[in-house]
Amino acid sequence: LGLLVLPVLWWLLRAVPPRPGRLAFPGVRLLLGLEDRERMPERTPPWLLILRMLALALVILAFAQPVLNSRQMTGEGPLLVLLDGGWADAPDWAARMSRVAESLAEADRAGRPAAVLQVASGPPPDGMPWRAADEWAERLAGLEPLPWAPDRQALALWLQGIEGGFDTLWLADGVGDGGEGELAEVLLGHGAVTLVPPPRPARALGPPRLVEGGIAVTVLRADGAGEEPVSIVAIGPDPRGIERVLGRAEAHFADGETMVEVRLDLPLELRNRVGRLVIAEAHSAGAVALADDALRRRKVALISGRAGGEEQDLADPLHYLRQALAPSAEIVAGPLEDVLNTAPDVLMMADVGVLGGRERAAVTGWVERGGLLVRFAGPRLAASGVGQIKEDPLLPVRLRAGGRAIGGAMSWGAPRRLRPFPEESPFAGLSLPDDVEITSQVVAQPDPELASRVMASLEDGTPLITGRRLGEGRVVLFHVTANADWSNLPLSGLFVQMLERLTLSAGSNAGTEADLGEEIWTAQQVLDGFGALGTPSLVAGVPGTALAEGAPGPEMPPGIYANGERRHALNIMAEDDRLRPFAPLPAGVRVEAMERPGETRLGPWLLAAALALLAIDLIATLVISGRLRPRGASAAVALLAFIAATQATAQPAPDDAEARALHAANETVLAYVVTGNDRVDRTSEAGLRGLSRTLYARTAVEPAEPVGIDLETDALALYPFLYWPVTEDQPSPSDAAYDQLNAYLRNGGMILFDTRDGDLGGDGAGGS
């Protein structure tokens with residue numbers, strides 16, 4: 001419409017300056033020969049008129065806000081921007097917010113009302129929140145991913161009661177829950193639906209567990225297409241209570257795999273400190289596996305069948321147990337009733353024969369509720385007759401009367417050695433020392449189920465260790481003594497490893513409804529959507545029955561819950577959970593990529609071109625009127641070219657050290673160390689740019705744009721502040737660079753070292 005005015009402008013420009021009139025005046029002859037330096041043309045030259053018309057046309061086009069590669073959306077009605085908004089959105093949250101901002105800007109240009117919803121937040125209580133698109137754009141900074149999965153079926157049910165048509169832009173997380181198809185059907189009933197899948201499949205960790213003395217964790221992904229490496233990091237406090245990386249393991253998804261198990265073999269001291277495992281490349285609540293009492297030191301209660309002496313008494317059956325268990329378990333001792341009241345994980349009885357009625361009932365009930373009873377044979381058990389006539393619930397097998405010993409009625413010709421452990425045994429994989437010999441033992445009665453209960457045997461096939469389940473717990477019997485009377489097994493390192501395997505297997509039922517009970521559990525720390533631990537606020541206590549269901553939500557966010565001295569970890573993924581990709585959606589759902597070709601706004605360039613033409617017009621007008629000589633015109637053009645060149649080179653090229661130094665000498669410039677990692681370098685530049693703008697707005701400091709520097713070639717003294725993000729693959733500085741850094745610090749420079757592990761800390765603070 002503005003361009004239609006150009007003919008009128010053409011007429012006006014021709015009339016300015018006005019055409020001079022012609023008058024006959026004889027006295028003009030007196031002026032002949034005089035030179036008038038200021039000349040007024042009879043009419044505007046055509047080329048100058050065209051120049052002015054072109055400048056005005058460029059101004060009109062600039063204010064029309066033309067866009068190259070315009071992403072103007074189709075449709076005219078309201079726009080619903082739908083975010084799944086759960087933990088799986090967190091790794092790509094910045095890209096999602098950028099896409100939402102672009103869509104709201106497009107809706108604002110089209111004059112369309114908009115609404116932004118997070119499925120994980122649940123249906124809004126007051127109906128669809130339609131507002132102007134620019135109002136929603138101002139609220140985007142307050143949106144964050146939530147640390148649980150979205151409930152799409154609940155939103156689909158709510159949308160069925162919403163009237164009116166609208167188009168939907170759905171930014172999905174790619175993790176199917178069975179409700180994606182129903183939600184898509186409901187949205188299509190209101191208008192067009194555009195689905196934006198995540199740039200890469202979601203990844204998550206299952207709960208950690210102890211397997212053969214190591215920590216095992218299952219890594220999951222929603223889509224099995226392609227190969228993918230994954231790095232798992234174990235986090236926990238050091239002796240001073242500071243969060244540290246305690247261990248690291250690598251996993252690798254093969255093409256088609258959606259699940260892979262990773263093992264972290266850590267020393268016992270480090271393993272007991274592990275607080276959580278995280279996927280290093282994915283910052284989300286699902287990529288964090290919290291550890292609780294299942295990975296802690298087990299509490300082992302020791303009971304002896306005879307009055308033992310001091311710990312130094314080598315004949316005491318408990319002496320060898322204490323020595324073997326001290327590094328890996330918390331040991332309690334005392335009367336049977338007292339130690340059961342301490343809620344031990346394992347109860348070990350050394351040569352205990354007959355239990356009283358109350359004691360037997362108490363131990364049986366404790367085992368049935370998930371306890372592990374480990375018994376050792378001896379003269380008292382062999383002579384008690386327990387388990388010989390009929391099966392005893394506190395023994396895994398029936399026993400023969402007497403025993404087997406060298407020189408006895410059921411004698412060996414020589415001491416016997418161990419047979420390699422079977423694959424199904426908890427001791428599988430342990431190496432057998434050549435010097436372990438068995439001289440005496442109690443013998444199991446032949447039984448059809450005996451073979452399934454053997455955990456270790458001698459080289460002649462005689463069972464040495466047997467076990468069976470009793471309720472939720474287990475009963476294990478060593479057919480030899482806990483001291484060195486019947487074998488030298490307690491003197492070997494194998495004995496320590498076997499007891500450690502058994503104690504670590506205890507408590508495997510932690511987290512069940514029977515274990516958590518009806519007590520109220522209080523949240524101690526909770527995860528946010530990005531996987532950072534923080535102090536809970538407005539989180540009420542939850543009953544153990546709800547906690548056992550393991551379904552995080554608004555009322556029960558994932559985190560660490562406590563009841564007395566017990567700790568329970570509620571993770572995003574349960575033991576048997578798997579990530580599933582989206583089910584096929586109904587026809588009519590349009591799919592777009594997260595990132596689209598960038599728009600280029602042509603308005604600023606057109607205005608700049610118009611100003612340049614007007615500057616040329618000014619110079620041409622001065623030349624035509626005689627106020628500027630041609631030589632002066634050349635100088636003016638040269639001056640304009642110089643100004644343009646100066647503006648173009650105001651920001652030094654990143655690879656021009658001399659230009660950067662000159663720029664830093666004339667301006668206040670914040671700098672960052674270039675790491676070679678594009679993602680880290682872009683983040684550093686963006687962070688310092690934001691800091692520079694904040695300083696400009698709130699202080700008298702007016703920093704220029706930040707620059708990246710090379711420690712080996714750039715002069716550090718010109719920069720008052722240096723930000724150094726530390727990456728794993730960053731090469732160590734040379735000696736010359738170290739000397740330059742030391743000189744920089746001695747002369748008052750400031751360096752902020754960022755170890756980039758703040759997201760692994762419990763308080764969410766930076767790791768600087």
# chains A, B, ... in the order shown; residues from 1 in each chain; ligands from 1
call {"tool": "residues_around", "arguments": {"residues": "Leu432 in chain A", "least_positions_apart": "2", "cutoff": "10 Å", "atoms": "only C-alpha atoms", "output": "list of chain:residue names"}}
result
A:Arg417, A:Leu418, A:Arg419, A:Pro420, A:Phe421, A:Gly429, A:Leu430, A:Asp434, A:Asp435, A:Val436, A:Ser492, A:Gly493, A:Leu494
call {"tool": "select_by_dssp", "arguments": {"residues": "range 409-539 of chain A", "states": "helix (DSSP H, G or I)", "output": "list in words"}}
result
Leu450, Ala451, Ser452, Arg453, Leu489, Pro490, Leu491, Gly493, Leu494, Phe495, Val496, Gln497, Met498, Leu499, Glu500, Arg501, Leu502, Thr503, Leu504, Ser505, Glu513, Ala514, Asp515 and Leu516 of chain A
call {"tool": "residues_around", "arguments": {"residues": "Thr683 in chain A", "least_positions_apart": "2", "cutoff": "12 Å", "atoms": "only C-alpha atoms", "output": "PyMOL selection string"}}
result
chain A and resi 94+672-675+677-681+685-690+706+708+723-725+756
call {"tool": "residues_around", "arguments": {"residues": "Ala282 in chain A", "least_positions_apart": "6", "cutoff": "10 Å", "atoms": "only C-alpha atoms", "output": "JSON, numbers by chain"}}
result
{"A": [88, 90, 91, 92, 202, 203, 204, 230, 231, 288, 530, 531]}
call {"tool": "residues_around", "arguments": {"residues": "Ile560 in chain A", "least_positions_apart": "3", "cutoff": "9 Å", "atoms": "only C-alpha atoms", "output": "list in words"}}
result
Leu290, Ala291, Asp292, Thr522, Ala523, Gln524, Gln525, Val526, Leu527, Arg567, His568, Ala569, Leu570 and Asn571 of chain A
call {"tool": "atom_distance", "arguments": {"atom1": "CA of Pro426 in chain A", "atom2": "CA of Glu212 in chain A"}}
result
7.4 Å
call {"tool": "residues_around", "arguments": {"residues": "Ser487 in chain A", "least_positions_apart": "3", "cutoff": "12 Å", "atoms": "only C-alpha atoms", "output": "count of residues only"}}
result
27
call {"tool": "closest_residue", "arguments": {"among": "A:Ser98, A:Ser121, A:Ser425, A:Ser304", "to": "Arg501 in chain A", "atoms": "only C-alpha atoms"}}
result
A:Ser425
call {"tool": "atom_distance", "arguments": {"atom1": "CA of Ser384 in chain A", "atom2": "CA of Ile303 in chain A"}}
result
16.8 Å
call {"tool": "closest_residue", "arguments": {"among": "A:Gly471, A:Pro720, A:Ala414, A:Trp130", "to": "Asn747 in chain A", "atoms": "only C-alpha atoms"}}
result
A:Pro720
call {"tool": "closest_residue", "arguments": {"among": "A:Pro584, A:Gly467, A:Gly191, A:Pro422", "to": "Arg398 in chain A", "atoms": "only C-alpha atoms"}}
result
A:Gly467
call {"tool": "atom_distance", "arguments": {"atom1": "CA of Thr194 in chain A", "atom2": "CA of Ala107 in chain A"}}
result
14.4 Å
call {"tool": "decode", "arguments": {"residues": "range 678-701 of chain A", "atoms": "N, CA, C and O atoms", "output": "short mmCIF file (atom, residue, chain, number, x, y, z; two decimals), in the first residue's frame"}}
result
data_model
loop_
_atom_site.label_atom_id
_atom_site.label_comp_id
_atom_site.auth_asym_id
_atom_site.auth_seq_id
_atom_site.Cartn_x
_atom_site.Cartn_y
_atom_site.Cartn_z
N ASP A 678 32.46 -26.94 20.52
CA ASP A 678 31.57 -25.89 20.02
C ASP A 678 30.43 -25.59 20.99
O ASP A 678 30.08 -24.43 21.21
N ARG A 679 29.87 -26.63 21.56
CA ARG A 679 28.73 -26.43 22.46
C ARG A 679 29.16 -25.66 23.71
O ARG A 679 28.48 -24.72 24.15
N VAL A 680 30.29 -26.03 24.29
CA VAL A 680 30.78 -25.34 25.48
C VAL A 680 31.15 -23.90 25.16
O VAL A 680 30.85 -22.96 25.92
N ASP A 681 31.80 -23.69 24.02
CA ASP A 681 32.22 -22.33 23.65
C ASP A 681 31.01 -21.44 23.40
O ASP A 681 31.01 -20.26 23.78
N ARG A 682 29.97 -21.98 22.76
CA ARG A 682 28.76 -21.17 22.55
C ARG A 682 28.10 -20.82 23.86
O ARG A 682 27.62 -19.70 24.06
N THR A 683 28.08 -21.77 24.78
CA THR A 683 27.50 -21.51 26.10
C THR A 683 28.29 -20.43 26.84
O THR A 683 27.73 -19.55 27.48
N SER A 684 29.63 -20.51 26.77
CA SER A 684 30.48 -19.51 27.43
C SER A 684 30.22 -18.13 26.86
O SER A 684 30.07 -17.15 27.61
N GLU A 685 30.16 -18.03 25.54
CA GLU A 685 29.93 -16.73 24.91
C GLU A 685 28.57 -16.17 25.29
O GLU A 685 28.44 -14.99 25.62
N ALA A 686 27.54 -17.03 25.28
CA ALA A 686 26.20 -16.56 25.63
C ALA A 686 26.14 -16.11 27.09
O ALA A 686 25.51 -15.09 27.41
N GLY A 687 26.79 -16.85 27.99
CA GLY A 687 26.78 -16.48 29.40
C GLY A 687 27.47 -15.15 29.65
O GLY A 687 26.97 -14.30 30.39
N LEU A 688 28.64 -14.95 29.04
CA LEU A 688 29.35 -13.68 29.24
C LEU A 688 28.62 -12.52 28.56
O LEU A 688 28.69 -11.38 29.03
N ARG A 689 27.94 -12.79 27.46
CA ARG A 689 27.17 -11.73 26.84
C ARG A 689 26.03 -11.29 27.76
O ARG A 689 25.77 -10.09 27.92
N GLY A 690 25.37 -12.24 28.39
CA GLY A 690 24.33 -11.89 29.35
C GLY A 690 24.88 -11.14 30.55
O GLY A 690 24.27 -10.19 31.04
N LEU A 691 26.07 -11.56 31.03
CA LEU A 691 26.70 -10.86 32.15
C LEU A 691 27.07 -9.43 31.74
O LEU A 691 26.90 -8.48 32.52
N SER A 692 27.57 -9.25 30.52
CA SER A 692 27.93 -7.91 30.05
C SER A 692 26.70 -7.01 29.99
O SER A 692 26.75 -5.83 30.39
N ARG A 693 25.59 -7.54 29.52
CA ARG A 693 24.38 -6.74 29.44
C ARG A 693 23.85 -6.39 30.83
O ARG A 693 23.34 -5.29 31.05
N THR A 694 23.98 -7.32 31.77
CA THR A 694 23.54 -7.03 33.14
C THR A 694 24.41 -5.94 33.76
O THR A 694 23.90 -5.04 34.44
N LEU A 695 25.73 -6.00 33.54
CA LEU A 695 26.61 -4.95 34.05
C LEU A 695 26.27 -3.60 33.43
O LEU A 695 26.28 -2.57 34.10
N TYR A 696 25.96 -3.61 32.14
CA TYR A 696 25.61 -2.36 31.46
C TYR A 696 24.34 -1.76 32.03
O TYR A 696 24.21 -0.54 32.17
N ALA A 697 23.37 -2.63 32.38
CA ALA A 697 22.07 -2.15 32.86
C ALA A 697 22.10 -1.72 34.32
O ALA A 697 21.37 -0.82 34.71
N ARG A 698 22.96 -2.36 35.12
CA ARG A 698 22.89 -2.14 36.57
C ARG A 698 24.09 -1.39 37.14
O ARG A 698 24.05 -1.01 38.31
N THR A 699 25.13 -1.21 36.38
CA THR A 699 26.33 -0.54 36.89
C THR A 699 26.78 0.51 35.89
O THR A 699 26.18 0.72 34.84
N ALA A 700 27.89 1.20 36.25
CA ALA A 700 28.47 2.19 35.36
C ALA A 700 29.43 1.56 34.35
O ALA A 700 29.96 2.25 33.48
N VAL A 701 29.65 0.24 34.46
CA VAL A 701 30.54 -0.45 33.53
C VAL A 701 29.80 -0.69 32.22
O VAL A 701 28.62 -1.09 32.22
#
